[in-house]
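K.L.:
Hey, dropping coords_5.cif in here, mmCIF, C-alpha atoms:
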```cif
data_query
loop_
_atom_site.group_PDB
_atom_site.id
_atom_site.type_symbol
_atom_site.label_atom_id
_atom_site.label_comp_id
_atom_site.auth_asym_id
_atom_site.auth_seq_id
_atom_site.Cartn_x
_atom_site.Cartn_y
_atom_site.Cartn_z
ATOM 1 C CA MET Q 1 -27.915 10.824 -12.306
ATOM 2 C CA LYS Q 2 -25.521 13.373 -13.764
ATOM 3 C CA GLU Q 3 -24.591 16.805 -12.522
ATOM 4 C CA VAL Q 4 -25.995 19.782 -14.470
ATOM 5 C CA LYS Q 5 -25.721 23.509 -13.921
ATOM 6 C CA ALA Q 6 -28.623 25.094 -12.054
ATOM 7 C CA TRP Q 7 -30.168 28.466 -12.804
ATOM 8 C CA TYR Q 8 -28.957 31.284 -10.570
ATOM 9 C CA MET Q 9 -28.175 34.984 -10.662
ATOM 10 C CA ASN Q 10 -26.142 37.458 -8.648
ATOM 11 C CA GLY Q 11 -27.427 37.461 -5.087
ATOM 12 C CA PHE Q 12 -26.937 41.180 -4.558
ATOM 13 C CA VAL Q 13 -29.152 41.893 -7.562
ATOM 14 C CA GLY Q 14 -31.709 39.528 -6.069
ATOM 15 C CA ILE Q 15 -31.589 41.298 -2.702
ATOM 16 C CA LEU Q 16 -32.007 44.659 -4.457
ATOM 17 C CA LEU Q 17 -35.056 43.278 -6.280
ATOM 18 C CA ILE Q 18 -36.535 42.069 -2.995
ATOM 19 C CA VAL Q 19 -35.972 45.498 -1.390
ATOM 20 C CA ILE Q 20 -37.674 47.201 -4.345
ATOM 21 C CA LEU Q 21 -40.662 44.898 -3.962
ATOM 22 C CA LEU Q 22 -40.904 45.679 -0.250
ATOM 23 C CA ILE Q 23 -40.688 49.413 -0.904
ATOM 24 C CA GLY Q 24 -43.408 49.078 -3.519
ATOM 25 C CA ALA Q 25 -45.522 47.137 -1.037
ATOM 26 C CA ALA Q 26 -45.096 49.908 1.531
ATOM 27 C CA LEU Q 27 -46.094 52.594 -0.952
ATOM 28 C CA THR Q 28 -49.156 50.704 -2.094
ATOM 29 C CA PHE Q 29 -50.121 50.070 1.517
ATOM 30 C CA VAL Q 30 -49.889 53.809 2.229
ATOM 31 C CA GLN Q 31 -52.237 54.356 -0.696
ATOM 32 C CA GLN Q 32 -54.572 51.849 1.008
ATOM 33 C CA LEU Q 33 -54.163 49.304 -1.755
ATOM 34 C CA ILE Q 34 -54.147 46.303 0.564
ATOM 35 C CA ILE Q 35 -54.314 43.436 -1.902
ATOM 36 C CA PRO Q 36 -51.463 44.676 -4.172
ATOM 37 C CA ALA Q 37 -49.363 45.367 -1.059
ATOM 38 C CA VAL Q 38 -49.921 41.818 0.241
ATOM 39 C CA LEU Q 39 -49.073 40.373 -3.169
ATOM 40 C CA LEU Q 40 -45.820 42.344 -3.363
ATOM 41 C CA VAL Q 41 -44.824 41.233 0.139
ATOM 42 C CA ALA Q 42 -45.638 37.616 -0.706
ATOM 43 C CA ILE Q 43 -43.536 37.790 -3.894
ATOM 44 C CA ALA Q 44 -40.642 39.340 -1.962
ATOM 45 C CA LEU Q 45 -40.805 36.611 0.688
ATOM 46 C CA VAL Q 46 -40.900 33.879 -1.951
ATOM 47 C CA LEU Q 47 -37.890 35.361 -3.725
ATOM 48 C CA ALA Q 48 -36.048 35.602 -0.393
ATOM 49 C CA THR Q 49 -36.199 31.791 -0.065
ATOM 50 C CA GLY Q 50 -34.012 31.590 -3.170
ATOM 51 C CA ILE Q 51 -31.087 33.479 -1.612
ATOM 52 C CA THR Q 52 -28.173 31.113 -0.979
ATOM 53 C CA ILE Q 53 -24.468 31.346 -0.132
ATOM 54 C CA VAL Q 54 -21.914 28.965 -1.634
ATOM 55 C CA GLN Q 55 -18.503 28.691 0.027
ATOM 56 C CA PRO Q 56 -15.300 28.107 -1.978
ATOM 57 C CA ASN Q 57 -14.798 24.449 -2.992
ATOM 58 C CA GLN Q 58 -18.392 23.616 -2.197
ATOM 59 C CA ALA Q 59 -21.428 22.850 -4.338
ATOM 60 C CA LYS Q 60 -25.133 23.341 -3.722
ATOM 61 C CA VAL Q 61 -27.397 20.594 -5.031
ATOM 62 C CA ILE Q 62 -30.834 22.086 -5.713
ATOM 63 C CA THR Q 63 -34.060 20.099 -5.671
ATOM 64 C CA PHE Q 64 -37.557 21.453 -6.219
ATOM 65 C CA PHE Q 65 -40.297 19.280 -4.715
ATOM 66 C CA GLY Q 66 -38.322 16.105 -5.323
ATOM 67 C CA ARG Q 67 -36.977 17.098 -8.745
ATOM 68 C CA TYR Q 68 -33.271 17.721 -9.299
ATOM 69 C CA LEU Q 69 -32.790 21.132 -10.934
ATOM 70 C CA GLY Q 70 -29.002 21.322 -10.959
ATOM 71 C CA SER Q 71 -25.962 22.298 -8.915
ATOM 72 C CA ILE Q 72 -24.184 25.573 -8.176
ATOM 73 C CA ARG Q 73 -20.390 25.271 -8.105
ATOM 74 C CA ASP Q 74 -19.431 28.954 -8.148
ATOM 75 C CA SER Q 75 -18.740 30.547 -4.789
ATOM 76 C CA GLY Q 76 -20.555 33.659 -3.604
ATOM 77 C CA LEU Q 77 -24.067 35.002 -2.922
ATOM 78 C CA PHE Q 78 -26.735 33.932 -5.420
ATOM 79 C CA LEU Q 79 -30.452 34.014 -6.078
ATOM 80 C CA THR Q 80 -31.736 30.717 -7.409
ATOM 81 C CA VAL Q 81 -35.130 29.073 -7.839
ATOM 82 C CA PRO Q 82 -37.283 29.901 -4.759
ATOM 83 C CA LEU Q 83 -38.802 27.243 -2.488
ATOM 84 C CA THR Q 84 -36.026 24.761 -3.262
ATOM 85 C CA ILE Q 85 -34.004 22.493 -0.989
ATOM 86 C CA ARG Q 86 -30.259 23.109 -1.236
ATOM 87 C CA GLN Q 87 -27.829 20.430 -0.026
ATOM 88 C CA THR Q 88 -24.171 21.257 0.475
ATOM 89 C CA VAL Q 89 -21.482 18.949 -0.930
ATOM 90 C CA SER Q 90 -17.800 19.533 -0.210
ATOM 91 C CA LEU Q 91 -15.528 19.485 -3.270
ATOM 92 C CA ARG Q 92 -12.344 19.654 -1.203
ATOM 93 C CA VAL Q 93 -9.649 16.965 -1.315
ATOM 94 C CA ARG Q 94 -9.998 14.644 1.673
ATOM 95 C CA ASN Q 95 -8.165 11.710 3.257
ATOM 96 C CA PHE Q 96 -9.543 8.466 4.540
ATOM 97 C CA ASN Q 97 -7.264 6.447 6.806
ATOM 98 C CA SER Q 98 -8.443 2.866 7.003
ATOM 99 C CA SER Q 99 -8.126 0.897 10.189
ATOM 100 C CA LYS Q 100 -5.688 -2.014 10.406
ATOM 101 C CA LEU Q 101 -7.385 -4.885 8.613
ATOM 102 C CA LYS Q 102 -6.515 -8.525 9.249
ATOM 103 C CA VAL Q 103 -6.654 -10.474 5.982
ATOM 104 C CA ASN Q 104 -4.999 -13.491 4.358
ATOM 105 C CA ASP Q 105 -2.572 -12.989 1.493
ATOM 106 C CA VAL Q 106 -2.598 -15.186 -1.599
ATOM 107 C CA GLU Q 107 -0.637 -17.899 0.272
ATOM 108 C CA GLY Q 108 -3.078 -17.891 3.178
ATOM 109 C CA ASN Q 109 -0.818 -16.088 5.646
ATOM 110 C CA PRO Q 110 -2.696 -13.739 8.004
ATOM 111 C CA ILE Q 111 -1.393 -10.193 7.685
ATOM 112 C CA GLU Q 112 -2.293 -6.735 8.922
ATOM 113 C CA ILE Q 113 -2.738 -4.038 6.291
ATOM 114 C CA ALA Q 114 -3.929 -0.428 6.214
ATOM 115 C CA ALA Q 115 -3.989 2.333 3.611
ATOM 116 C CA VAL Q 116 -4.728 6.019 3.149
ATOM 117 C CA ILE Q 117 -7.111 7.057 0.370
ATOM 118 C CA VAL Q 118 -7.002 10.603 -1.052
ATOM 119 C CA PHE Q 119 -10.238 11.508 -2.859
ATOM 120 C CA LYS Q 120 -12.608 14.297 -3.811
ATOM 121 C CA VAL Q 121 -16.144 14.638 -5.156
ATOM 122 C CA ILE Q 122 -16.311 15.534 -8.856
ATOM 123 C CA ASP Q 123 -20.053 14.966 -9.441
ATOM 124 C CA SER Q 124 -22.269 16.383 -6.714
ATOM 125 C CA ALA Q 125 -25.468 14.875 -8.147
ATOM 126 C CA LYS Q 126 -24.104 11.320 -8.025
ATOM 127 C CA ALA Q 127 -22.727 11.879 -4.520
ATOM 128 C CA ILE Q 128 -26.156 12.921 -3.226
ATOM 129 C CA PHE Q 129 -28.620 10.843 -5.240
ATOM 130 C CA ASP Q 130 -26.834 7.665 -6.404
ATOM 131 C CA VAL Q 131 -25.626 6.539 -2.959
ATOM 132 C CA ASP Q 132 -27.177 6.908 0.472
ATOM 133 C CA ASN Q 133 -24.132 8.457 2.187
ATOM 134 C CA TYR Q 134 -21.130 8.969 -0.044
ATOM 135 C CA GLU Q 135 -18.634 9.399 2.824
ATOM 136 C CA GLU Q 136 -19.678 6.104 4.411
ATOM 137 C CA PHE Q 137 -19.725 4.545 0.935
ATOM 138 C CA VAL Q 138 -16.094 5.596 0.384
ATOM 139 C CA GLU Q 139 -15.044 4.094 3.725
ATOM 140 C CA ILE Q 140 -16.737 0.732 3.166
ATOM 141 C CA GLN Q 141 -15.624 0.377 -0.449
ATOM 142 C CA SER Q 142 -12.061 1.382 0.447
ATOM 143 C CA GLU Q 143 -11.771 -1.334 3.086
ATOM 144 C CA THR Q 144 -13.333 -3.854 0.702
ATOM 145 C CA ALA Q 145 -10.845 -2.963 -2.045
ATOM 146 C CA ILE Q 146 -7.901 -3.165 0.377
ATOM 147 C CA ARG Q 147 -8.975 -6.648 1.448
ATOM 148 C CA HIS Q 148 -9.394 -7.779 -2.160
ATOM 149 C CA VAL Q 149 -6.014 -6.449 -3.300
ATOM 150 C CA ALA Q 150 -4.255 -7.985 -0.277
ATOM 151 C CA THR Q 151 -5.565 -11.438 -1.249
ATOM 152 C CA LYS Q 152 -4.100 -11.172 -4.771
ATOM 153 C CA TYR Q 153 -0.408 -11.021 -3.795
ATOM 154 C CA PRO Q 154 1.905 -12.755 -1.321
ATOM 155 C CA TYR Q 155 3.332 -10.777 1.566
ATOM 156 C CA ASP Q 156 6.870 -11.579 0.486
ATOM 157 C CA THR Q 157 8.828 -14.054 -1.647
ATOM 158 C CA PHE Q 158 12.436 -14.409 -2.681
ATOM 159 C CA GLU Q 159 11.776 -14.566 -6.406
ATOM 160 C CA ASP Q 160 12.701 -11.379 -8.254
ATOM 161 C CA ASP Q 161 9.889 -11.721 -10.800
ATOM 162 C CA ASP Q 162 7.063 -12.065 -8.269
ATOM 163 C CA ILE Q 163 4.980 -9.050 -7.225
ATOM 164 C CA THR Q 164 4.700 -8.862 -3.437
ATOM 165 C CA LEU Q 165 2.936 -6.568 -1.005
ATOM 166 C CA ARG Q 166 6.184 -5.698 0.774
ATOM 167 C CA GLY Q 167 8.525 -5.437 -2.183
ATOM 168 C CA ASN Q 168 6.258 -3.747 -4.760
ATOM 169 C CA ALA Q 169 4.337 -1.161 -2.771
ATOM 170 C CA ASP Q 170 4.054 1.212 -5.763
ATOM 171 C CA ILE Q 171 2.532 -1.422 -8.031
ATOM 172 C CA VAL Q 172 0.134 -2.584 -5.323
ATOM 173 C CA SER Q 173 -0.889 1.040 -4.633
ATOM 174 C CA ASP Q 174 -1.623 1.613 -8.329
ATOM 175 C CA VAL Q 175 -3.740 -1.542 -8.478
ATOM 176 C CA LEU Q 176 -5.576 -0.445 -5.335
ATOM 177 C CA ALA Q 177 -6.241 3.035 -6.772
ATOM 178 C CA LYS Q 178 -7.629 1.570 -10.030
ATOM 179 C CA GLU Q 179 -9.906 -0.848 -8.234
ATOM 180 C CA LEU Q 180 -11.128 1.892 -5.907
ATOM 181 C CA GLN Q 181 -11.867 4.199 -8.831
ATOM 182 C CA GLU Q 182 -14.025 1.503 -10.423
ATOM 183 C CA ARG Q 183 -15.947 1.079 -7.184
ATOM 184 C CA LEU Q 184 -16.378 4.798 -6.404
ATOM 185 C CA THR Q 185 -17.309 6.130 -9.847
ATOM 186 C CA VAL Q 186 -20.952 5.450 -9.060
ATOM 187 C CA ALA Q 187 -20.701 7.937 -6.164
ATOM 188 C CA GLY Q 188 -19.128 10.689 -8.280
ATOM 189 C CA VAL Q 189 -15.822 10.384 -6.413
ATOM 190 C CA GLU Q 190 -12.344 10.632 -7.938
ATOM 191 C CA VAL Q 191 -9.507 8.701 -6.288
ATOM 192 C CA ILE Q 192 -6.398 10.876 -6.374
ATOM 193 C CA GLU Q 193 -4.035 8.509 -4.574
ATOM 194 C CA ALA Q 194 -4.030 5.292 -2.568
ATOM 195 C CA ARG Q 195 -1.011 4.289 -0.466
ATOM 196 C CA LEU Q 196 -0.305 1.494 1.985
ATOM 197 C CA THR Q 197 0.449 2.871 5.454
ATOM 198 C CA HIS Q 198 0.818 -0.369 7.418
ATOM 199 C CA LEU Q 199 1.881 -3.871 6.416
ATOM 200 C CA ALA Q 200 2.948 -6.641 8.786
ATOM 201 C CA TYR Q 201 2.367 -10.261 9.600
ATOM 202 C CA SER Q 202 -0.355 -10.873 12.150
ATOM 203 C CA THR Q 203 0.995 -11.031 15.700
ATOM 204 C CA GLU Q 204 0.067 -14.667 16.284
ATOM 205 C CA ILE Q 205 2.272 -15.905 13.435
ATOM 206 C CA ALA Q 206 4.898 -13.166 13.315
ATOM 207 C CA SER Q 207 7.648 -15.250 14.987
ATOM 208 C CA ALA Q 208 6.842 -18.354 12.940
ATOM 209 C CA MET Q 209 6.833 -16.366 9.697
ATOM 210 C CA LEU Q 210 10.145 -14.792 10.677
ATOM 211 C CA GLN Q 211 11.668 -18.253 10.933
ATOM 212 C CA ARG Q 212 10.075 -19.151 7.619
ATOM 213 C CA GLN Q 213 11.498 -16.022 6.038
ATOM 214 C CA GLN Q 214 14.931 -16.828 7.397
ATOM 215 C CA ALA Q 215 14.731 -20.393 6.078
ATOM 216 C CA ALA Q 216 13.518 -19.181 2.680
ATOM 217 C CA ALA Q 217 16.315 -16.617 2.600
ATOM 218 C CA ILE Q 218 18.903 -19.292 3.370
ATOM 219 C CA LEU Q 219 17.530 -21.557 0.643
ATOM 220 C CA ALA Q 220 17.489 -18.708 -1.857
ATOM 221 C CA ALA Q 221 21.065 -17.778 -0.938
ATOM 222 C CA ARG Q 222 22.200 -21.408 -1.190
ATOM 223 C CA LYS Q 223 20.617 -21.681 -4.612
ATOM 224 C CA LYS Q 224 22.559 -18.659 -5.827
ATOM 225 C CA ILE Q 225 25.784 -20.012 -4.297
ATOM 226 C CA VAL Q 226 25.350 -23.416 -5.940
ATOM 227 C CA GLU Q 227 24.619 -21.818 -9.313
ATOM 228 C CA GLY Q 228 27.733 -19.681 -8.953
ATOM 229 C CA ALA Q 229 29.870 -22.611 -7.811
ATOM 230 C CA VAL Q 230 28.839 -24.771 -10.779
ATOM 231 C CA SER Q 231 29.552 -21.892 -13.145
ATOM 232 C CA MET Q 232 32.975 -21.258 -11.582
ATOM 233 C CA ALA Q 233 33.965 -24.933 -11.656
ATOM 234 C CA GLN Q 234 32.884 -25.241 -15.284
ATOM 235 C CA MET Q 235 34.791 -22.085 -16.181
ATOM 236 C CA ALA Q 236 37.949 -23.320 -14.393
ATOM 237 C CA ILE Q 237 37.974 -26.660 -16.225
ATOM 238 C CA GLU Q 238 37.263 -25.014 -19.590
ATOM 239 C CA HIS Q 239 40.055 -22.511 -18.993
ATOM 240 C CA LEU Q 240 42.561 -25.249 -18.081
ATOM 241 C CA ASP Q 241 41.612 -27.264 -21.159
ATOM 242 C CA LYS Q 242 41.861 -24.200 -23.385
ATOM 243 C CA GLU Q 243 45.248 -23.067 -22.086
ATOM 244 C CA GLY Q 244 46.631 -26.584 -22.013
ATOM 245 C CA VAL Q 245 48.153 -26.059 -18.573
ATOM 246 C CA LEU Q 246 47.105 -29.469 -17.307
ATOM 247 C CA GLU Q 247 45.777 -32.569 -18.951
ATOM 248 C CA LEU Q 248 43.048 -33.965 -16.719
ATOM 249 C CA ASP Q 249 41.209 -37.180 -17.279
ATOM 250 C CA GLU Q 250 37.556 -37.546 -16.322
ATOM 251 C CA GLU Q 251 38.323 -38.844 -12.837
ATOM 252 C CA ARG Q 252 40.614 -35.912 -12.062
ATOM 253 C CA LYS Q 253 38.048 -33.474 -13.415
ATOM 254 C CA VAL Q 254 35.429 -34.964 -11.105
ATOM 255 C CA ASN Q 255 37.840 -34.686 -8.175
ATOM 256 C CA MET Q 256 38.650 -31.080 -9.047
ATOM 257 C CA VAL Q 257 34.978 -30.129 -9.379
ATOM 258 C CA ASN Q 258 34.261 -31.798 -6.044
ATOM 259 C CA ASN Q 259 37.006 -29.791 -4.336
ATOM 260 C CA LEU Q 260 35.883 -26.518 -5.880
ATOM 261 C CA MET Q 261 32.254 -27.110 -4.919
ATOM 262 C CA VAL Q 262 33.180 -27.915 -1.331
ATOM 263 C CA ALA Q 263 35.422 -24.845 -1.071
ATOM 264 C CA ILE Q 264 32.835 -22.456 -2.497
ATOM 265 C CA ILE Q 265 29.660 -23.807 -0.888
ATOM 266 C CA SER Q 266 31.055 -24.470 2.585
ATOM 267 C CA ASP Q 267 29.950 -22.113 5.368
ATOM 268 C CA ARG Q 268 33.492 -21.955 6.695
ATOM 269 C CA GLY Q 269 36.707 -21.178 4.942
ATOM 270 C CA ALA Q 270 38.256 -24.187 3.238
ATOM 271 C CA GLN Q 271 41.497 -25.525 4.790
ATOM 272 C CA PRO Q 272 43.976 -26.296 1.999
ATOM 273 C CA VAL Q 273 45.780 -29.654 2.002
ATOM 274 C CA ILE Q 274 49.069 -29.643 0.121
ATOM 275 C CA ASN Q 275 49.732 -32.881 -1.729
ATOM 276 C CA THR Q 276 53.427 -33.295 -2.637
ATOM 277 C CA GLY Q 277 53.022 -36.687 -4.178
ATOM 278 C CA SER Q 278 50.817 -38.369 -6.716
ATOM 279 C CA LEU Q 279 47.135 -37.646 -6.932
ATOM 280 C CA TYR Q 280 46.547 -41.342 -6.506
#
```
Will you turn the file into structure tokens for me?
P.N.:
Amino acid sequence: MKEVKAWYMNGFVGILLIVILLIGAALTFVQQLIIPAVLLVAIALVLATGITIVQPNQAKVITFFGRYLGSIRDSGLFLTVPLTIRQTVSLRVRNFNSSKLKVNDVEGNPIEIAAVIVFKVIDSAKAIFDVDNYEEFVEIQSETAIRHVATKYPYDTFEDDDITLRGNADIVSDVLAKELQERLTVAGVEVIEARLTHLAYSTEIASAMLQRQQAAAILAARKKIVEGAVSMAQMAIEHLDKEGVLELDEERKVNMVNNLMVAIISDRGAQPVINTGSLY
């Protein structure tokens, strides 16, 4: 089903035509022409069923005995095909706030997630005829898409290259909007924006995941410290060799690297020990 433009004309002209028909019916009735008078009244009444009002940012979907004739998008008073059923569809921008959904992320951790979906109807025919209730369809498909997107990414990691729900909200929102648009095109709905409004670990594992986050953060920090310490020790030895300040054999280099690593990696400040004699 695809939206098409319905036939309609200015409603005030239609009302004027109906009044003229009624006046003609009255005149013919005065002249005792009963049958023409009845016919004129019947025509006027039939035309009156075609009078409709369309509010701004609304559309009227017109069906005639089960057949779709078209839609009226212009606002105002109109005369359209008589004896038709006219269904109103709002074209205004609307929000849908999903409830807090409990799902598992890609690592299997239970999380709570919610989002707000901004949408509007762009095809009134699809919204009425291709789905049973387009508003309910938007709600169900939105929650389904949120669940699916949440299972594609971890809640959080400590790797800079990984996409996470917490650290890459913009990317996740764009993915959610694209997936929603694919699901809602059948209903003639355009997704304007999709944004996460709530994201947290589920209450039953929140404390445990906090400890896990802390442990992962410590490991990630230690990894950076070790990488930096190795780089600094290597740079120090290369600099000493280049400048020729000291001549160190392999054993002394190992001892120096060991001291530097301990001093840099240690949680507490290193306590210097002054050696006034031989290294051996």
K.L.:
Mind telling me what the PyMOL selection byres ((chain Q and resi 130-146) around 8) catches here, as a VMD selection string?
P.N.:
chain Q and resid 1 96 98 101 113 to 115 117 125 to 129 147 to 150 176 179 to 180 183 to 184 186 to 187
K.L.:
So which residues are close to (-22.7, 15.1, -10.4), meaning at most 12 Å away in the file's coordinates with all atoms listed in the file counted, and can you show them as JSON, numbers by chain?
P.N.:
{"Q": [1, 2, 3, 4, 5, 6, 59, 60, 61, 62, 68, 69, 70, 71, 72, 73, 89, 91, 121, 122, 123, 124, 125, 126, 127, 128, 129, 130, 131, 185, 186, 187, 188, 189, 190]}
K.L.:
Just so the selection is clear, what residues does the PyMOL selection byres ((chain Q and resi 95) around 9) cover here, as a list in words?
P.N.:
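Selected by the PyMOL selection byres ((chain Q and resi 95) around 9) in this file: Val93, Arg94, Phe96, Asn97, Val116, Ile117, Val118, Phe119 and Lys120 of chain Q.
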K.L.:
For Tyr155 in chain Q, work out the shell of residues within 7 Å, counting all atoms listed in the file and skipping chain neighbours fewer than 2 positions away, then give it as a PyMOL selection string.
P.N.:
chain Q and resi 105+153+164-166
K.L.:
Env of range 37-41 of chain Q: 9 Å cut, atoms = all atoms listed in the file, seq-sep filter 6 positions within chain, self excluded. Answer as a PDB file with C-alpha atoms, keeping the file's coordinate frame.
P.N.:
```pdb
ATOM      1  CA  ILE Q  18     -36.535  42.069  -2.995  1.00  0.00           C
ATOM      2  CA  LEU Q  21     -40.662  44.898  -3.962  1.00  0.00           C
ATOM      3  CA  LEU Q  22     -40.904  45.679  -0.250  1.00  0.00           C
ATOM      4  CA  GLY Q  24     -43.408  49.078  -3.519  1.00  0.00           C
ATOM      5  CA  ALA Q  25     -45.522  47.137  -1.037  1.00  0.00           C
ATOM      6  CA  ALA Q  26     -45.096  49.908   1.531  1.00  0.00           C
ATOM      7  CA  LEU Q  27     -46.094  52.594  -0.952  1.00  0.00           C
ATOM      8  CA  THR Q  28     -49.156  50.704  -2.094  1.00  0.00           C
ATOM      9  CA  PHE Q  29     -50.121  50.070   1.517  1.00  0.00           C
TER      10      PHE Q  29
END
```
K.L.:
For Pro154 in chain Q, which residue among Q:Thr88, Q:Glu193, Q:Ser173, Q:Ile111 is the nearest when counting all atoms listed in the file?
P.N.:
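So, comparing all the options, the nearest one is Q:Ile111.
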K.L.:
Can you translate the PyMOL selection byres ((chain Q and resi 55) around 9) into the concrete residues it hits in this file, as an MDAnalysis selection string?
P.N.:
chainID Q and resid 53:54 56:59 74:77
K.L.:
State, in Å with one decimal place, the distance from CA of Thr151 in chain Q to CA of Arg222 in chain Q.
P.N.:
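Taking CA of Thr151 in chain Q and CA of Arg222 in chain Q, their separation equals 29.5 Å.
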K.L.:
Excluding Gly50 in chain Q and its own-chain neighbours fewer than 2 positions away, which residues fall within 9 Å of it when counting all atoms listed in the file? Please give them as a list in words.
P.N.:
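Within the cut-off, the hits are Tyr8, Gly14, Val46, Leu47, Ala48, Thr52, Phe78, Leu79, Thr80, Val81, Pro82, Leu83 and Thr84 of chain Q.
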